[in-house]
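Text of the file start_0.txt, holding compact mmCIF, C-alpha atoms:
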```
# COMPACT_ATOMS: atom_id res chain seq x y z
CA MET A 1 -18.38 5.03 17.82
CA ARG A 2 -14.74 4.65 18.78
CA SER A 3 -15.50 1.56 20.87
CA LEU A 4 -17.43 -0.07 18.02
CA TYR A 5 -14.69 0.86 15.54
CA ILE A 6 -12.00 -0.72 17.74
CA ARG A 7 -14.17 -3.78 18.31
CA GLU A 8 -14.53 -4.32 14.54
CA ILE A 9 -10.77 -4.03 14.01
CA ASN A 10 -10.02 -6.40 16.91
CA ALA A 11 -12.61 -8.89 15.65
CA PHE A 12 -10.85 -9.01 12.27
CA PHE A 13 -7.34 -9.44 13.65
CA GLY A 14 -8.52 -11.63 16.53
CA SER A 15 -8.87 -14.65 14.27
CA LEU A 16 -6.66 -16.42 11.77
CA THR A 17 -9.15 -15.67 9.00
CA GLY A 18 -8.29 -11.96 8.96
CA TYR A 19 -4.58 -12.55 8.58
CA LEU A 20 -5.24 -15.23 5.97
CA ILE A 21 -7.36 -12.88 3.83
CA LEU A 22 -4.70 -10.14 3.89
CA ALA A 23 -1.92 -12.65 3.21
CA LEU A 24 -3.76 -14.11 0.22
CA PHE A 25 -4.36 -10.60 -1.12
CA LEU A 26 -0.68 -9.64 -0.90
CA VAL A 27 0.49 -12.99 -2.30
CA ALA A 28 -1.91 -12.69 -5.25
CA LEU A 29 -0.71 -9.15 -6.03
CA GLY A 30 2.92 -10.19 -5.63
CA LEU A 31 2.47 -13.04 -8.11
CA ILE A 32 0.69 -10.78 -10.58
CA VAL A 33 3.22 -7.95 -10.41
CA TRP A 34 6.48 -9.92 -10.18
CA VAL A 35 5.97 -13.56 -11.24
CA PHE A 36 3.24 -14.24 -13.81
CA PRO A 37 4.73 -13.88 -17.33
CA GLU A 38 1.72 -12.01 -18.75
CA SER A 39 1.92 -9.21 -16.20
CA SER A 40 5.37 -9.34 -14.58
CA VAL A 41 7.09 -5.96 -14.30
CA LEU A 42 10.45 -7.69 -14.79
CA ASP A 43 9.36 -9.10 -18.15
CA TYR A 44 7.62 -5.87 -19.15
CA GLY A 45 10.94 -4.03 -19.11
CA PHE A 46 9.62 -0.57 -18.17
CA ALA A 47 9.66 1.23 -14.81
CA ASP A 48 5.90 1.06 -14.53
CA LEU A 49 3.36 -0.48 -12.15
CA GLU A 50 0.47 -0.64 -14.58
CA ALA A 51 -0.04 -4.34 -13.78
CA LEU A 52 -0.61 -3.54 -10.11
CA PHE A 53 -3.30 -0.97 -10.79
CA SER A 54 -4.91 -2.92 -13.63
CA TYR A 55 -5.39 -6.18 -11.74
CA THR A 56 -5.97 -5.00 -8.16
CA PRO A 57 -9.65 -4.06 -8.80
CA TYR A 58 -10.19 -7.67 -9.90
CA VAL A 59 -8.79 -8.88 -6.59
CA PHE A 60 -10.78 -6.22 -4.71
CA THR A 61 -13.97 -7.62 -6.22
CA PHE A 62 -13.50 -10.73 -4.08
CA LEU A 63 -11.37 -9.41 -1.20
CA ILE A 64 -13.59 -6.60 0.04
CA PRO A 65 -16.86 -8.59 0.05
CA ALA A 66 -14.94 -11.20 2.06
CA LEU A 67 -13.98 -8.48 4.56
CA SER A 68 -17.46 -6.97 4.78
CA MET A 69 -19.70 -10.05 4.63
CA ARG A 70 -19.73 -10.52 8.41
CA ALA A 71 -20.09 -6.83 9.33
CA ILE A 72 -23.88 -6.91 9.83
CA SER A 73 -25.01 -10.39 8.79
CA GLU A 74 -23.11 -12.08 11.61
CA GLU A 75 -24.51 -9.60 14.14
CA ARG A 76 -28.04 -10.45 13.03
CA LYS A 77 -27.41 -14.19 12.91
CA THR A 78 -25.91 -14.37 16.42
CA GLY A 79 -28.49 -12.02 17.91
CA THR A 80 -26.01 -9.31 18.94
CA TRP A 81 -27.58 -6.81 16.53
CA GLU A 82 -30.49 -6.24 18.90
CA LEU A 83 -28.04 -5.60 21.73
CA LEU A 84 -26.09 -3.17 19.55
CA ARG A 85 -29.27 -1.28 18.65
CA THR A 86 -29.99 -0.69 22.34
CA SER A 87 -26.67 1.16 22.74
CA PRO A 88 -26.60 4.99 22.79
CA LEU A 89 -25.46 4.94 19.15
CA SER A 90 -27.87 5.78 16.37
CA LEU A 91 -28.21 3.51 13.35
CA ILE A 92 -26.22 5.98 11.23
CA GLN A 93 -23.40 5.98 13.79
CA ILE A 94 -23.32 2.18 13.87
CA ILE A 95 -23.11 1.97 10.08
CA SER A 96 -20.46 4.72 9.99
CA ALA A 97 -18.27 3.01 12.60
CA LYS A 98 -18.42 -0.32 10.78
CA TYR A 99 -17.71 1.38 7.46
CA LEU A 100 -14.68 3.26 8.83
CA ALA A 101 -13.33 -0.04 10.19
CA LEU A 102 -13.67 -1.62 6.74
CA VAL A 103 -11.93 1.34 5.08
CA THR A 104 -9.10 1.03 7.61
CA LEU A 105 -8.68 -2.64 6.72
CA VAL A 106 -8.61 -1.79 3.01
CA PHE A 107 -5.96 0.87 3.67
CA LEU A 108 -3.84 -1.62 5.65
CA ALA A 109 -4.14 -4.12 2.79
CA VAL A 110 -3.04 -1.58 0.16
CA LEU A 111 -0.31 0.07 2.26
CA PRO A 112 2.37 -2.61 1.63
CA THR A 113 2.10 -1.98 -2.13
CA LEU A 114 4.12 1.21 -1.56
CA LEU A 115 7.11 -1.14 -1.35
CA TYR A 116 6.50 -1.97 -5.00
CA ALA A 117 6.98 1.69 -5.88
CA TYR A 118 10.25 1.78 -3.95
CA SER A 119 11.40 -1.37 -5.76
CA ILE A 120 10.62 0.10 -9.17
CA VAL A 121 12.40 3.34 -8.23
CA GLN A 122 15.52 1.33 -7.39
CA LEU A 123 15.30 -0.91 -10.46
CA GLY A 124 14.75 1.93 -12.92
CA GLU A 125 17.52 3.21 -15.22
CA PRO A 126 18.39 5.77 -14.05
CA VAL A 127 17.40 5.17 -10.42
CA GLY A 128 14.20 7.08 -9.63
CA ASN A 129 12.78 6.70 -13.14
CA LEU A 130 9.12 6.40 -12.14
CA ASP A 131 6.10 8.55 -12.94
CA LEU A 132 5.29 9.43 -9.34
CA ALA A 133 2.27 11.57 -10.26
CA GLY A 134 0.73 8.68 -12.16
CA PHE A 135 1.59 6.25 -9.36
CA PHE A 136 0.07 8.26 -6.52
CA GLY A 137 -2.93 9.21 -8.64
CA SER A 138 -3.54 5.52 -9.30
CA TRP A 139 -2.89 4.69 -5.65
CA ILE A 140 -5.44 7.25 -4.45
CA GLY A 141 -7.88 5.94 -7.05
CA LEU A 142 -7.27 2.42 -5.73
CA LEU A 143 -8.13 3.56 -2.20
CA MET A 144 -11.29 5.26 -3.46
CA ILE A 145 -12.36 2.12 -5.34
CA GLY A 146 -11.68 0.08 -2.20
CA ALA A 147 -13.73 2.52 -0.10
CA THR A 148 -16.60 2.31 -2.61
CA PHE A 149 -16.50 -1.50 -2.63
CA ALA A 150 -16.53 -1.41 1.20
CA ALA A 151 -19.81 0.57 1.12
CA VAL A 152 -21.24 -1.89 -1.42
CA GLY A 153 -20.15 -4.87 0.69
CA LEU A 154 -21.69 -3.32 3.81
CA PHE A 155 -24.96 -2.85 1.91
CA ALA A 156 -24.88 -6.51 0.81
CA SER A 157 -24.26 -7.58 4.41
CA SER A 158 -27.29 -5.57 5.56
CA LEU A 159 -29.60 -7.47 3.20
CA THR A 160 -29.17 -10.92 4.74
CA SER A 161 -28.15 -12.74 7.89
CA GLN A 162 -26.16 -15.33 5.91
CA GLN A 163 -22.49 -14.48 5.38
CA VAL A 164 -22.12 -16.58 2.23
CA VAL A 165 -25.13 -14.91 0.63
CA ALA A 166 -23.73 -11.49 1.62
CA PHE A 167 -20.40 -12.41 0.01
CA VAL A 168 -22.02 -13.53 -3.25
CA LEU A 169 -24.21 -10.41 -3.40
CA GLY A 170 -21.20 -8.19 -2.66
CA VAL A 171 -19.11 -9.79 -5.42
CA PHE A 172 -21.98 -9.47 -7.89
CA LEU A 173 -22.64 -5.79 -7.12
CA CYS A 174 -18.94 -4.87 -7.20
CA PHE A 175 -18.51 -6.67 -10.52
CA VAL A 176 -21.51 -4.94 -12.08
CA LEU A 177 -20.50 -1.49 -10.84
CA TYR A 178 -16.89 -1.81 -11.99
CA PHE A 179 -17.15 -3.89 -15.17
CA GLY A 180 -20.83 -4.15 -16.06
CA PHE A 181 -21.55 -0.57 -17.14
CA THR A 182 -18.38 -0.44 -19.23
CA ALA A 183 -19.34 -3.66 -21.01
CA LEU A 184 -22.87 -2.33 -21.57
CA SER A 185 -21.55 0.94 -23.03
CA GLU A 186 -19.58 -1.01 -25.64
CA ILE A 187 -22.75 -2.42 -27.18
CA LEU A 188 -24.50 0.96 -27.19
CA SER A 189 -23.76 4.00 -29.30
CA GLY A 190 -24.02 7.76 -29.18
CA ASP A 191 -24.55 9.85 -26.08
CA ILE A 192 -26.25 6.97 -24.26
CA ALA A 193 -23.06 4.90 -24.42
CA TYR A 194 -21.07 7.80 -22.98
CA TRP A 195 -23.54 8.36 -20.13
CA VAL A 196 -23.63 4.65 -19.29
CA GLU A 197 -19.83 4.47 -19.28
CA GLU A 198 -19.68 7.42 -16.87
CA LEU A 199 -21.71 5.33 -14.39
CA SER A 200 -18.90 2.76 -14.34
CA LEU A 201 -16.39 2.85 -11.49
CA SER A 202 -13.63 1.80 -13.89
CA TYR A 203 -14.16 4.96 -15.97
CA HIS A 204 -13.42 7.23 -13.01
CA TYR A 205 -10.64 4.99 -11.72
CA ILE A 206 -8.83 5.13 -15.07
CA SER A 207 -9.28 8.90 -15.07
CA LEU A 208 -7.58 9.16 -11.66
CA SER A 209 -4.77 6.82 -12.72
CA ARG A 210 -3.60 9.38 -15.30
CA GLY A 211 -2.13 11.34 -12.40
CA VAL A 212 -4.66 14.18 -12.48
CA ILE A 213 -6.98 14.25 -9.45
CA ASP A 214 -10.24 15.49 -10.95
CA SER A 215 -12.90 16.62 -8.46
CA ARG A 216 -15.63 15.14 -10.68
CA ASP A 217 -14.19 11.65 -10.25
CA LEU A 218 -13.83 12.10 -6.49
CA PHE A 219 -17.36 13.45 -6.12
CA PHE A 220 -18.78 10.56 -8.13
CA LEU A 221 -17.03 7.95 -5.98
CA LEU A 222 -17.98 9.78 -2.77
CA GLY A 223 -21.55 9.95 -4.05
CA MET A 224 -21.58 6.19 -4.64
CA ILE A 225 -20.32 5.64 -1.09
CA TRP A 226 -23.05 7.91 0.29
CA VAL A 227 -25.76 6.14 -1.74
CA PHE A 228 -24.84 2.64 -0.54
CA LEU A 229 -24.34 3.67 3.08
CA GLY A 230 -27.70 5.44 2.96
CA ALA A 231 -29.28 2.34 1.41
CA SER A 232 -27.83 0.23 4.24
CA VAL A 233 -29.41 2.54 6.82
CA LEU A 234 -32.79 2.40 5.05
CA VAL A 235 -32.73 -1.39 4.76
CA LEU A 236 -31.88 -1.89 8.43
CA ARG A 237 -34.38 0.72 9.54
CA ASN A 238 -37.15 -1.02 7.63
CA LYS A 239 -36.16 -4.38 9.09
```
For this file, write the structure as structure tokens.
Amino acid sequence: MRSLYIREINAFFGSLTGYLILALFLVALGLIVWVFPESSVLDYGFADLEALFSYTPYVFTFLIPALSMRAISEERKTGTWELLRTSPLSLIQIISAKYLALVTLVFLAVLPTLLYAYSIVQLGEPVGNLDLAGFFGSWIGLLMIGATFAAVGLFASSLTSQQVVAFVLGVFLCFVLYFGFTALSEILSGDIAYWVEELSLSYHYISLSRGVIDSRDLFFLLGMIWVFLGASVLVLRNK
């Protein structure tokens, strides 16, 4: 598994596309947090990074499917999937290695945002005026959302041998899981609306961003990861 994991990481950073995707992600977040008038922290006037955590899931909806679209679809298109299946690794190990590589890439993409926290700490009056519990709760929630999207993107990649189709499917599924259930709950009423909203990733992400790490939110997100990884294994096994 280690060899496959390293191969996936090297394949991403072995081309200009990988660096371009990460650069576009960081530039987009930088513009949202510091430049755009509607969301700029400097215009907001408070030592808060709410803009970062509010808009990053939107960017993740496109970024992570772009990272994951080639994970399996390219292997199947180029014919290397059959070679990989003849290795001593089981199908579950192959999926796990590719998933861990994707999660590592998501972590590397989010890691530079810690500089934003340092900047806000220095800009606050007095210096250090930042809700660190809320920040790290939101940051952990962001990693969990990214890990969930990675599992969804891997599932989309397992459905087709075309990278573009895998990207479109990944974006659609991520959008529905994060925004769709919340939008559906707003047109319903009663207990059904509450249950539907609890199926939304945004509901659990917002709960984590309050600075309280609730095990129910973590178990839900981990359960979603397990479901989509398991679905990927079943799809590939049937194929």
Which neighbours of region 42-57 of chain A fall inside 7 Å, counting all atoms listed in the file, when residues of the same chain fewer than 5 positions from it are skipped, and could you give them as a compact mmCIF listing (two decimals) with C-alpha atoms, in the frame of the given file?
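Everything below was put into around39.txt:
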```
# COMPACT_ATOMS: atom_id res chain seq x y z
CA LEU A 29 -0.71 -9.15 -6.03
CA VAL A 33 3.22 -7.95 -10.41
CA TRP A 34 6.48 -9.92 -10.18
CA PRO A 37 4.73 -13.88 -17.33
CA ILE A 120 10.62 0.10 -9.17
CA GLY A 124 14.75 1.93 -12.92
CA ASN A 129 12.78 6.70 -13.14
CA LEU A 130 9.12 6.40 -12.14
CA SER A 138 -3.54 5.52 -9.30
```
How many Å separate CA of Arg210 (chain A) from CA of Leu142 (chain A)?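 Atom-to-atom, CA of Arg210 (chain A) and CA of Leu142 (chain A) are spaced 12.4 Å apart.
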Choose the residue, out of A:Thr17, A:Ser73, A:Gln93, A:Ser39, that has the smallest atom-to-atom separation from Val165 (chain A); count all atoms listed in the file.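 Among the listed residues, A:Ser73 lies closest to Val165 (chain A).
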What does the distance between CA of Lys98 (chain A) and CA of Leu63 (chain A) come to in Å, to one decimal place? 16.6 Å
Box along x, y and z, 5 Å on every side, all listed atoms of region 95-110 of chain A inside: centre and edge lengths in Å to one decimal, as lines of an AutoDock Vina configuration file.
```
center_x = -13.1
center_y = 0.3
center_z = 6.4
size_x = 30.1
size_y = 18.8
size_z = 22.4
```
So which residues touch Ala156 (chain A) within 8 Å, counting all atoms listed in the file, skipping near sequence neighbours fewer than 6 positions away, as a PyMOL selection string? chain A and resi 69+166-167+169-170
